[in-house]
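J.: Have a look at this one.
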Amino acid sequence: MAVTLTEKAEFRLWAFLRGSATDESNKATKGVRISVKDGGCSGYEYGIDITSQPQPDDIVTQQGNVLLYVDAKSAPLLEGVVIDFVEGVMDSGFKFTNPNATDTCGCGKSFKTDDGTPSGVPCSK
């Protein structure tokens, strides 16, 4: 499973994890769960959550200090994804670069592929 974090994304996620860990035992399994679900304006929407309870079928990897839990059903759509953290005057946040996407939404949080992407819904900003 190849999901890659840039140095900035890894640092930001590590900061979130460190800030949200409540005790030492929690720190050992605290990680980031990455998934894709139906939704967004292009059809698929990225999900990124802090968790210490991965799902039984999650694919577990580690990038630097960050444990990654990748939803097994989402794995084919996330193969080769690079996650970056960008900071700008108008917008800041995590940016996904996905080689599987044939089109993306202007907000950068939604994408579609050539293999049966569900219908999109208008953005609600």
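For the structure tokens, the naming scheme is as follows: chains receive sequential letters (A, B, ...) according to their order of presentation, residues are indexed from 1 within each chain, and ligands are indexed from 1 in presentation order.
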Just list as a PyMOL selection string whatever in stretch 41-110 of chain A DSSP marks as strand (DSSP E).

T.: chain A and resi 43-51+59-63+66-70+82-86+93-97+103-104+110

J.: From a DSSP calculation on the backbone, collect every residue of stretch 49-94 of chain A in alpha helix (DSSP H) and output the set as a list in words.

T.: Ala75, Pro76, Leu77 and Leu78 of chain A

J.: Would you list the contacts of A:Phe111 as number ranges by chain, taking every protein, DNA or RNA residue within 9 Å and counting only C-alpha atoms, but skipping same-chain residues closer than 6 positions in sequence?

T.: A: 40-46, 98, 101-105, 117

J.: Would you output that residue set with N, CA and C atoms, as a PDB file, in the first residue's frame?

T.:
ATOM      1  N   GLY A  40     -18.984  14.203  -1.925  1.00  0.00           N
ATOM      2  CA  GLY A  40     -18.216  15.294  -2.497  1.00  0.00           C
ATOM      3  C   GLY A  40     -18.758  15.674  -3.855  1.00  0.00           C
ATOM      4  N   CYS A  41     -18.258  16.753  -4.395  1.00  0.00           N
ATOM      5  CA  CYS A  41     -18.794  17.266  -5.660  1.00  0.00           C
ATOM      6  C   CYS A  41     -18.321  16.478  -6.877  1.00  0.00           C
ATOM      7  N   SER A  42     -17.286  15.666  -6.745  1.00  0.00           N
ATOM      8  CA  SER A  42     -16.832  14.862  -7.886  1.00  0.00           C
ATOM      9  C   SER A  42     -17.265  13.406  -7.794  1.00  0.00           C
ATOM     10  N   GLY A  43     -17.722  12.953  -6.635  1.00  0.00           N
ATOM     11  CA  GLY A  43     -18.205  11.576  -6.496  1.00  0.00           C
ATOM     12  C   GLY A  43     -17.574  10.805  -5.359  1.00  0.00           C
ATOM     13  N   TYR A  44     -16.253  10.957  -5.178  1.00  0.00           N
ATOM     14  CA  TYR A  44     -15.563  10.354  -4.040  1.00  0.00           C
ATOM     15  C   TYR A  44     -15.005  11.480  -3.175  1.00  0.00           C
ATOM     16  N   GLU A  45     -14.971  11.229  -1.879  1.00  0.00           N
ATOM     17  CA  GLU A  45     -14.476  12.227  -0.942  1.00  0.00           C
ATOM     18  C   GLU A  45     -13.453  11.576  -0.014  1.00  0.00           C
ATOM     19  N   TYR A  46     -12.333  12.268   0.218  1.00  0.00           N
ATOM     20  CA  TYR A  46     -11.297  11.763   1.116  1.00  0.00           C
ATOM     21  C   TYR A  46     -11.746  11.904   2.561  1.00  0.00           C
ATOM     22  N   ASN A  98      -3.623  12.387  -6.276  1.00  0.00           N
ATOM     23  CA  ASN A  98      -4.025  11.002  -6.485  1.00  0.00           C
ATOM     24  C   ASN A  98      -3.849  10.607  -7.956  1.00  0.00           C
ATOM     25  N   ALA A 101      -7.070   9.502  -9.873  1.00  0.00           N
ATOM     26  CA  ALA A 101      -8.146  10.454 -10.156  1.00  0.00           C
ATOM     27  C   ALA A 101      -8.093  10.899 -11.616  1.00  0.00           C
ATOM     28  N   THR A 102      -9.245  10.875 -12.261  1.00  0.00           N
ATOM     29  CA  THR A 102      -9.341  11.385 -13.624  1.00  0.00           C
ATOM     30  C   THR A 102      -9.839  12.824 -13.626  1.00  0.00           C
ATOM     31  N   ASP A 103     -10.410  13.258 -12.508  1.00  0.00           N
ATOM     32  CA  ASP A 103     -10.871  14.633 -12.359  1.00  0.00           C
ATOM     33  C   ASP A 103     -10.967  14.931 -10.869  1.00  0.00           C
ATOM     34  N   THR A 104     -10.740  16.184 -10.513  1.00  0.00           N
ATOM     35  CA  THR A 104     -10.857  16.593  -9.113  1.00  0.00           C
ATOM     36  C   THR A 104     -11.728  17.833  -9.026  1.00  0.00           C
ATOM     37  N   CYS A 105     -12.234  18.068  -7.854  1.00  0.00           N
ATOM     38  CA  CYS A 105     -13.056  19.240  -7.597  1.00  0.00           C
ATOM     39  C   CYS A 105     -12.146  20.438  -7.319  1.00  0.00           C
ATOM     40  N   THR A 117     -17.401   5.905 -10.660  1.00  0.00           N
ATOM     41  CA  THR A 117     -17.498   6.883  -9.592  1.00  0.00           C
ATOM     42  C   THR A 117     -18.977   7.199  -9.331  1.00  0.00           C
TER      43      THR A 117
END

J.: List the neighbours of stretch 53-69 of chain A out to 6 Å using only C-alpha atoms; skip same-chain residues closer than 2 positions along the sequence, and give me the result as a count of residues only.

T.: 7

J.: Rounded to one decimal in Å, what is the spacing between atom CA of A:Asp114 and atom CA of A:Glu10?

T.: 29.8 Å

J.: Using only C-alpha atoms for the distances, tell me which of A:Val70, A:Leu5, A:Val86, A:Ala28 is nearest to A:Ile48.

T.: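 Distance minimum relative to A:Ile48 lands on A:Val70.
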
J.: Nearest to A:Gly80: which of A:Phe94, A:Asn100, A:Arg18, A:Ser35 is it, counting only C-alpha atoms?

T.: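 Closest to A:Gly80 of all the choices is A:Asn100.
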
J.: Using only C-alpha atoms, which residue out of A:Val3, A:Ala9, A:Gly88, A:Gly93 lies closest to A:Ser74?

T.: A:Val3

J.: So, with only C-alpha atoms as the atoms that count, which of A:Ser92, A:Ser52, A:Thr4, A:Thr97 lies closest to A:Ser20?

T.: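 Selected residue with least distance to A:Ser20: A:Ser52.
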
J.: If I take atom CA of A:Leu77 and atom CA of A:Val36, how far is one from the other in Å, to one decimal?

T.: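 The value is 7.5 Å.
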